[in-house]
file structure24.cif (mmCIF, C-alpha atoms)
data_coords
#
loop_
_atom_site.group_PDB
_atom_site.id
_atom_site.type_symbol
_atom_site.label_atom_id
_atom_site.label_comp_id
_atom_site.auth_asym_id
_atom_site.auth_seq_id
_atom_site.Cartn_x
_atom_site.Cartn_y
_atom_site.Cartn_z
ATOM 1 C CA MET M 1 -24.831 54.733 -29.097
ATOM 2 C CA THR M 2 -24.370 52.212 -31.879
ATOM 3 C CA ASP M 3 -20.595 52.660 -31.769
ATOM 4 C CA LYS M 4 -20.373 51.737 -28.093
ATOM 5 C CA GLN M 5 -19.178 48.330 -26.994
ATOM 6 C CA ARG M 6 -21.837 46.384 -25.171
ATOM 7 C CA ALA M 7 -21.735 44.811 -21.729
ATOM 8 C CA VAL M 8 -24.064 42.427 -19.950
ATOM 9 C CA VAL M 9 -24.197 43.241 -16.241
ATOM 10 C CA LEU M 10 -25.576 40.724 -13.768
ATOM 11 C CA LEU M 11 -27.875 42.833 -11.610
ATOM 12 C CA SER M 12 -29.326 41.280 -8.488
ATOM 13 C CA GLY M 13 -30.734 44.536 -7.170
ATOM 14 C CA GLY M 14 -28.205 44.636 -4.353
ATOM 15 C CA LEU M 15 -25.462 47.074 -3.476
ATOM 16 C CA ASP M 16 -22.591 45.310 -5.219
ATOM 17 C CA SER M 17 -24.281 44.669 -8.545
ATOM 18 C CA ALA M 18 -25.590 48.242 -8.676
ATOM 19 C CA THR M 19 -22.010 49.447 -8.260
ATOM 20 C CA CYS M 20 -20.915 47.145 -11.096
ATOM 21 C CA LEU M 21 -23.553 48.618 -13.379
ATOM 22 C CA ALA M 22 -22.334 52.123 -12.562
ATOM 23 C CA ILE M 23 -18.726 51.103 -13.251
ATOM 24 C CA ALA M 24 -19.630 49.610 -16.636
ATOM 25 C CA ARG M 25 -21.504 52.780 -17.550
ATOM 26 C CA ASP M 26 -18.558 54.906 -16.429
ATOM 27 C CA MET M 27 -16.308 52.894 -18.749
ATOM 28 C CA GLY M 28 -18.431 54.101 -21.657
ATOM 29 C CA LEU M 29 -20.075 50.743 -22.310
ATOM 30 C CA GLU M 30 -23.656 50.291 -23.430
ATOM 31 C CA THR M 31 -25.120 48.265 -20.577
ATOM 32 C CA TYR M 32 -27.652 45.450 -20.650
ATOM 33 C CA ALA M 33 -28.806 44.470 -17.179
ATOM 34 C CA LEU M 34 -29.656 40.845 -16.451
ATOM 35 C CA SER M 35 -31.443 39.737 -13.293
ATOM 36 C CA VAL M 36 -32.082 36.101 -12.423
ATOM 37 C CA SER M 37 -35.031 34.721 -10.506
ATOM 38 C CA TYR M 38 -33.661 31.434 -9.201
ATOM 39 C CA GLY M 39 -36.110 30.711 -6.393
ATOM 40 C CA GLN M 40 -34.581 33.027 -3.828
ATOM 41 C CA ARG M 41 -36.631 33.870 -0.768
ATOM 42 C CA HIS M 42 -35.594 37.553 -0.966
ATOM 43 C CA ALA M 43 -37.589 38.291 -4.128
ATOM 44 C CA ALA M 44 -37.767 42.004 -3.245
ATOM 45 C CA GLU M 45 -34.296 42.342 -4.745
ATOM 46 C CA LEU M 46 -35.736 41.593 -8.178
ATOM 47 C CA THR M 47 -38.079 44.568 -7.857
ATOM 48 C CA ALA M 48 -35.071 46.616 -6.788
ATOM 49 C CA SER M 49 -33.119 45.492 -9.853
ATOM 50 C CA LYS M 50 -35.632 47.178 -12.146
ATOM 51 C CA ARG M 51 -35.341 50.437 -10.178
ATOM 52 C CA VAL M 52 -31.549 50.303 -10.333
ATOM 53 C CA ALA M 53 -31.444 49.470 -14.057
ATOM 54 C CA ASP M 54 -33.700 52.425 -14.822
ATOM 55 C CA ALA M 55 -31.808 54.815 -12.549
ATOM 56 C CA LEU M 56 -28.412 53.904 -14.012
ATOM 57 C CA GLY M 57 -29.508 54.035 -17.631
ATOM 58 C CA ALA M 58 -29.295 50.411 -18.733
ATOM 59 C CA ARG M 59 -30.219 50.087 -22.396
ATOM 60 C CA GLU M 60 -32.302 47.029 -21.569
ATOM 61 C CA HIS M 61 -33.203 45.035 -18.461
ATOM 62 C CA ARG M 62 -34.204 41.391 -18.642
ATOM 63 C CA LEU M 63 -35.332 38.898 -16.025
ATOM 64 C CA ALA M 64 -34.328 35.279 -16.588
ATOM 65 C CA ARG M 65 -35.896 32.457 -14.610
ATOM 66 C CA VAL M 66 -34.167 29.261 -13.525
ATOM 67 C CA GLY M 67 -35.494 26.864 -10.910
ATOM 68 C CA LEU M 68 -32.588 26.386 -8.524
ATOM 69 C CA GLY M 69 -35.129 26.429 -5.719
ATOM 70 C CA GLN M 70 -36.326 22.972 -6.783
ATOM 71 C CA PHE M 71 -33.007 21.553 -5.593
ATOM 72 C CA GLY M 72 -32.812 23.469 -2.306
ATOM 73 C CA GLY M 73 -29.549 23.045 -0.450
ATOM 74 C CA SER M 74 -29.339 26.687 0.623
ATOM 75 C CA ALA M 75 -30.970 28.920 3.198
ATOM 76 C CA LEU M 76 -31.787 31.289 0.335
ATOM 77 C CA THR M 77 -33.829 28.735 -1.624
ATOM 78 C CA ASP M 78 -35.046 26.208 0.972
ATOM 79 C CA PRO M 79 -37.554 27.529 3.532
ATOM 80 C CA SER M 80 -36.684 24.647 5.873
ATOM 81 C CA ILE M 81 -33.151 26.046 6.316
ATOM 82 C CA ALA M 82 -33.017 29.143 8.499
ATOM 83 C CA VAL M 83 -31.020 32.190 7.489
ATOM 84 C CA PRO M 84 -28.389 32.684 10.222
ATOM 85 C CA GLU M 85 -28.879 35.847 12.263
ATOM 86 C CA ASP M 86 -26.402 37.873 14.334
ATOM 87 C CA VAL M 87 -23.554 35.432 13.723
ATOM 88 C CA GLU M 88 -20.420 35.297 11.595
ATOM 89 C CA ALA M 89 -20.212 31.952 9.816
ATOM 90 C CA ASP M 90 -17.011 29.944 9.509
ATOM 91 C CA GLY M 91 -16.278 28.128 6.268
ATOM 92 C CA ILE M 92 -18.871 28.023 3.498
ATOM 93 C CA PRO M 93 -22.126 29.455 4.911
ATOM 94 C CA VAL M 94 -25.580 27.922 4.488
ATOM 95 C CA THR M 95 -26.518 30.958 2.367
ATOM 96 C CA TYR M 96 -24.269 29.632 -0.407
ATOM 97 C CA VAL M 97 -26.491 28.575 -3.330
ATOM 98 C CA PRO M 98 -24.975 25.576 -5.150
ATOM 99 C CA ALA M 99 -23.627 26.578 -8.570
ATOM 100 C CA ARG M 100 -25.550 29.897 -8.553
ATOM 101 C CA ASN M 101 -22.810 32.095 -10.010
ATOM 102 C CA THR M 102 -21.900 29.433 -12.574
ATOM 103 C CA VAL M 103 -25.511 29.279 -13.737
ATOM 104 C CA MET M 104 -26.013 33.050 -13.792
ATOM 105 C CA LEU M 105 -22.763 33.708 -15.639
ATOM 106 C CA SER M 106 -23.749 31.057 -18.190
ATOM 107 C CA ILE M 107 -27.062 32.815 -18.831
ATOM 108 C CA ALA M 108 -25.228 36.132 -19.111
ATOM 109 C CA LEU M 109 -22.815 34.512 -21.568
ATOM 110 C CA ALA M 110 -25.685 33.339 -23.758
ATOM 111 C CA TRP M 111 -27.212 36.804 -23.917
ATOM 112 C CA ALA M 112 -23.807 38.424 -24.476
ATOM 113 C CA GLU M 113 -23.186 36.197 -27.492
ATOM 114 C CA VAL M 114 -26.541 37.142 -28.991
ATOM 115 C CA LEU M 115 -25.857 40.831 -28.371
ATOM 116 C CA ASP M 116 -22.279 40.602 -29.663
ATOM 117 C CA ALA M 117 -21.261 41.961 -26.268
ATOM 118 C CA ARG M 118 -17.605 41.456 -25.379
ATOM 119 C CA HIS M 119 -17.969 42.229 -21.674
ATOM 120 C CA ILE M 120 -19.780 40.605 -18.752
ATOM 121 C CA PHE M 121 -19.784 42.209 -15.307
ATOM 122 C CA VAL M 122 -20.442 40.371 -12.055
ATOM 123 C CA GLY M 123 -20.342 41.804 -8.539
ATOM 124 C CA VAL M 124 -18.539 38.984 -6.758
ATOM 125 C CA ASN M 125 -16.358 39.943 -3.823
ATOM 126 C CA ALA M 126 -13.638 37.810 -2.250
ATOM 127 C CA VAL M 127 -13.013 40.110 0.725
ATOM 128 C CA ASP M 128 -16.375 40.107 2.476
ATOM 129 C CA TYR M 129 -17.638 36.819 0.957
ATOM 130 C CA SER M 130 -14.476 34.723 0.995
ATOM 131 C CA GLY M 131 -16.466 31.707 2.200
ATOM 132 C CA TYR M 132 -18.241 31.443 -1.173
ATOM 133 C CA PRO M 133 -16.220 29.277 -3.601
ATOM 134 C CA ASP M 134 -17.781 30.983 -6.654
ATOM 135 C CA CYS M 135 -16.628 34.448 -5.567
ATOM 136 C CA ARG M 136 -12.909 33.749 -5.906
ATOM 137 C CA PRO M 137 -10.595 35.163 -8.584
ATOM 138 C CA ALA M 138 -9.663 31.618 -9.644
ATOM 139 C CA PHE M 139 -13.301 30.879 -10.461
ATOM 140 C CA ILE M 140 -13.731 34.048 -12.533
ATOM 141 C CA LYS M 141 -10.554 33.327 -14.483
ATOM 142 C CA ALA M 142 -11.596 29.712 -15.102
ATOM 143 C CA PHE M 143 -15.067 30.725 -16.259
ATOM 144 C CA GLU M 144 -13.640 33.243 -18.719
ATOM 145 C CA THR M 145 -11.384 30.550 -20.152
ATOM 146 C CA MET M 146 -14.315 28.160 -20.472
ATOM 147 C CA ALA M 147 -16.525 30.850 -22.036
ATOM 148 C CA ASN M 148 -14.047 31.497 -24.804
ATOM 149 C CA LEU M 149 -13.690 27.785 -25.527
ATOM 150 C CA ALA M 150 -17.404 27.024 -25.520
ATOM 151 C CA THR M 151 -18.935 29.767 -27.674
ATOM 152 C CA LYS M 152 -19.037 30.529 -31.375
ATOM 153 C CA ALA M 153 -17.881 34.068 -30.615
ATOM 154 C CA GLY M 154 -14.923 32.789 -28.633
ATOM 155 C CA VAL M 155 -13.622 30.316 -31.201
ATOM 156 C CA GLU M 156 -14.005 32.930 -33.948
ATOM 157 C CA GLY M 157 -11.772 35.341 -32.045
ATOM 158 C CA ASN M 158 -14.493 37.553 -30.579
ATOM 159 C CA GLY M 159 -14.085 36.399 -27.014
ATOM 160 C CA VAL M 160 -15.666 37.811 -23.903
ATOM 161 C CA THR M 161 -13.994 39.340 -20.863
ATOM 162 C CA ILE M 162 -15.473 38.623 -17.434
ATOM 163 C CA HIS M 163 -15.118 41.706 -15.255
ATOM 164 C CA ALA M 164 -15.246 41.410 -11.463
ATOM 165 C CA PRO M 165 -14.257 44.970 -10.509
ATOM 166 C CA LEU M 166 -15.223 44.599 -6.851
ATOM 167 C CA ILE M 167 -13.454 41.346 -6.152
ATOM 168 C CA ASP M 168 -10.601 42.828 -4.097
ATOM 169 C CA LEU M 169 -12.490 45.755 -2.531
ATOM 170 C CA SER M 170 -13.843 46.093 0.978
ATOM 171 C CA LYS M 171 -17.530 46.877 1.390
ATOM 172 C CA ALA M 172 -16.627 50.430 2.400
ATOM 173 C CA ASP M 173 -14.517 50.882 -0.740
ATOM 174 C CA ILE M 174 -17.357 49.545 -2.886
ATOM 175 C CA ILE M 175 -19.765 52.027 -1.334
ATOM 176 C CA ARG M 176 -17.335 54.918 -1.810
ATOM 177 C CA ARG M 177 -16.798 53.948 -5.450
ATOM 178 C CA GLY M 178 -20.496 53.683 -6.164
ATOM 179 C CA THR M 179 -21.309 56.921 -4.369
ATOM 180 C CA ALA M 180 -18.727 58.725 -6.473
ATOM 181 C CA LEU M 181 -20.418 57.303 -9.579
ATOM 182 C CA GLY M 182 -23.855 58.458 -8.496
ATOM 183 C CA VAL M 183 -25.385 55.207 -7.248
ATOM 184 C CA ASP M 184 -28.469 55.753 -5.095
ATOM 185 C CA TYR M 185 -28.144 52.911 -2.620
ATOM 186 C CA SER M 186 -31.606 53.570 -1.213
ATOM 187 C CA LEU M 187 -32.891 51.843 -4.364
ATOM 188 C CA THR M 188 -31.034 48.609 -3.601
ATOM 189 C CA VAL M 189 -31.938 45.576 -1.490
ATOM 190 C CA SER M 190 -29.207 43.383 0.005
ATOM 191 C CA CYS M 191 -30.996 41.558 2.836
ATOM 192 C CA TYR M 192 -31.342 37.775 2.554
ATOM 193 C CA GLN M 193 -34.846 37.931 4.026
ATOM 194 C CA ALA M 194 -36.184 41.336 3.056
ATOM 195 C CA ASP M 195 -39.944 41.719 3.289
ATOM 196 C CA ASP M 196 -42.190 42.450 0.327
ATOM 197 C CA ASN M 197 -41.578 46.173 0.769
ATOM 198 C CA GLY M 198 -37.812 45.684 0.545
ATOM 199 C CA ARG M 199 -37.229 46.382 4.231
ATOM 200 C CA ALA M 200 -34.160 44.635 5.629
ATOM 201 C CA CYS M 201 -34.143 42.326 8.643
ATOM 202 C CA GLY M 202 -31.004 43.916 10.086
ATOM 203 C CA ARG M 203 -29.815 40.549 11.435
ATOM 204 C CA CYS M 204 -28.507 38.451 8.535
ATOM 205 C CA ASP M 205 -24.945 38.409 7.273
ATOM 206 C CA ALA M 206 -25.770 40.564 4.252
ATOM 207 C CA CYS M 207 -27.304 43.219 6.511
ATOM 208 C CA ARG M 208 -24.337 43.111 8.872
ATOM 209 C CA LEU M 209 -21.808 43.598 6.073
ATOM 210 C CA ARG M 210 -23.839 46.353 4.425
ATOM 211 C CA ARG M 211 -24.331 48.295 7.646
ATOM 212 C CA ALA M 212 -20.652 47.954 8.592
ATOM 213 C CA GLY M 213 -19.662 49.097 5.100
ATOM 214 C CA PHE M 214 -21.589 52.350 5.365
ATOM 215 C CA GLU M 215 -20.173 52.960 8.835
ATOM 216 C CA ALA M 216 -16.603 52.357 7.647
ATOM 217 C CA ALA M 217 -17.176 54.591 4.616
ATOM 218 C CA GLY M 218 -18.395 57.375 6.895
ATOM 219 C CA LEU M 219 -21.735 57.563 5.099
ATOM 220 C CA SER M 220 -25.291 57.305 6.357
ATOM 221 C CA ASP M 221 -27.027 53.988 5.740
ATOM 222 C CA PRO M 222 -30.149 54.552 3.582
ATOM 223 C CA THR M 223 -31.445 51.023 4.193
ATOM 224 C CA PRO M 224 -35.068 50.771 5.392
ATOM 225 C CA TYR M 225 -35.277 48.217 8.216
ATOM 226 C CA GLN M 226 -38.182 46.127 9.459
ATOM 227 C CA PRO M 227 -39.487 47.033 12.905
ATOM 228 C CA ARG M 228 -38.107 44.570 15.422
ATOM 229 C CA ASN M 229 -40.401 42.447 17.519
ATOM 230 C CA LEU M 230 -39.540 43.094 21.151
#

call {"tool": "encode", "arguments": {"input": "structure24.cif", "output": "structure tokens"}}
result
Amino acid sequence: MTDKQRAVVLLSGGLDSATCLAIARDMGLETYALSVSYGQRHAAELTASKRVADALGAREHRLARVGLGQFGGSALTDPSIAVPEDVEADGIPVTYVPARNTVMLSIALAWAEVLDARHIFVGVNAVDYSGYPDCRPAFIKAFETMANLATKAGVEGNGVTIHAPLIDLSKADIIRRGTALGVDYSLTVSCYQADDNGRACGRCDACRLRRAGFEAAGLSDPTPYQPRNL
């Protein structure tokens, strides 16, 4: 174990980040899972992140807290902004959280430098979430450049690589990849407004993409859904 290279994996508790953790493990890396409580309304995903980290053998799982909710500006952090249901948004959706991926990658970078980890994994996807500016390949490349200019490790020649292995995959391809690597997706929570038991609403964009992904992959959807009010 001590000879393995280390990787910090951002782990939200959702489908994509769980797949990233499985990919990092499959690469033979010693994984350190990092979840971030940023004021999101779907806090059930943080409970799910612990289940996923344990199931996929992370060496350590940490929860960092940052108060993005104090700024609002997103349907995921501001209760006065409704999460869109049963619609496909054009442009940048209201579920975009300002600077979220920049903040979370920065926290992951700090921990990676302490751990002497040369790898950071993030489950961004430009196919299904192309409306999010911080899910694009250009952003990942720019952050990696910045990371290696701004850290002691980077300037001493021990730079970090930012891995976004899902960035060009469809949701169905992500699910197939994770299934092949042994991910139990029943442990994950993707819904933007999951209840305290982790049951999905079935109406938000995250639910729509997840459900369609399982259908396209030809696999049964293990997601528990909330009973609908008729």

call {"tool": "resolve_selection", "arguments": {"input": "structure24.cif", "expression": "the PyMOL selection byres ((chain M and resi 197) around 12)", "output": "number ranges by chain"}}
result
M: 42-48, 187-189, 191, 193-196, 198-201, 223-226

call {"tool": "resolve_selection", "arguments": {"input": "structure24.cif", "expression": "the PyMOL selection byres ((chain M and resi 38) around 6)", "output": "short mmCIF file (atom, residue, chain, number, x, y, z; two decimals) with C-alpha atoms, in the coordinates of the input"}}
result
data_model
loop_
_atom_site.label_atom_id
_atom_site.label_comp_id
_atom_site.auth_asym_id
_atom_site.auth_seq_id
_atom_site.Cartn_x
_atom_site.Cartn_y
_atom_site.Cartn_z
CA VAL M 36 -32.08 36.10 -12.42
CA SER M 37 -35.03 34.72 -10.51
CA GLY M 39 -36.11 30.71 -6.39
CA GLN M 40 -34.58 33.03 -3.83
CA ARG M 65 -35.90 32.46 -14.61
CA VAL M 66 -34.17 29.26 -13.52
CA GLY M 67 -35.49 26.86 -10.91
CA LEU M 68 -32.59 26.39 -8.52
#

call {"tool": "atom_distance", "arguments": {"input": "structure24.cif", "atom1": "CA of Tyr185 in chain M", "atom2": "CA of Asp26 in chain M"}}
result
16.9 Å

call {"tool": "resolve_selection", "arguments": {"input": "structure24.cif", "expression": "the PyMOL selection byres ((chain M and resi 146) around 12)", "output": "ChimeraX atom specification"}}
result
/M:102,105-106,109,139-145,147-151,154-155,159-162

call {"tool": "closest_residue", "arguments": {"input": "structure24.cif", "among": "M:Ile120, M:Leu76, M:Val87, M:Val103", "to": "Thr31 in chain M", "atoms": "all atoms listed in the file"}}
result
M:Ile120

call {"tool": "residues_around", "arguments": {"input": "structure24.cif", "residues": "range 203-213 of chain M", "least_positions_apart": "6", "cutoff": "9 Å", "atoms": "all atoms listed in the file", "output": "list of chain:residue names"}}
result
M:Leu15, M:Val83, M:Pro84, M:Glu85, M:Asp86, M:Val87, M:Glu88, M:Ala89, M:Asp128, M:Ser170, M:Lys171, M:Ala172, M:Asp173, M:Ile174, M:Ile175, M:Ser190, M:Cys191, M:Tyr192, M:Gln193, M:Leu219, M:Asp221, M:Thr223

call {"tool": "closest_residue", "arguments": {"input": "structure24.cif", "among": "M:Leu10, M:Leu181, M:Ala216, M:Val127", "to": "Ala22 in chain M", "atoms": "only C-alpha atoms"}}
result
M:Leu181

call {"tool": "closest_residue", "arguments": {"input": "structure24.cif", "among": "M:His163, M:Arg228, M:Arg100, M:Lys50", "to": "Gly123 in chain M", "atoms": "all atoms listed in the file"}}
result
M:His163

call {"tool": "closest_residue", "arguments": {"input": "structure24.cif", "among": "M:Val124, M:Ala18, M:Ala58, M:Ala82", "to": "Ser186 in chain M", "atoms": "all atoms listed in the file"}}
result
M:Ala18

call {"tool": "closest_residue", "arguments": {"input": "structure24.cif", "among": "M:Ala33, M:Gly72, M:Asp54, M:Glu113", "to": "Ser17 in chain M", "atoms": "all atoms listed in the file"}}
result
M:Ala33

call {"tool": "atom_distance", "arguments": {"input": "structure24.cif", "atom1": "CA of Asn125 in chain M", "atom2": "CA of Leu169 in chain M"}}
result
7.1 Å

call {"tool": "atom_distance", "arguments": {"input": "structure24.cif", "atom1": "CA of Asp90 in chain M", "atom2": "CA of Ser35 in chain M"}}
result
28.7 Å

call {"tool": "closest_residue", "arguments": {"input": "structure24.cif", "among": "M:Leu56, M:Pro165, M:Arg176, M:Gly14", "to": "Ala126 in chain M", "atoms": "all atoms listed in the file"}}
result
M:Pro165
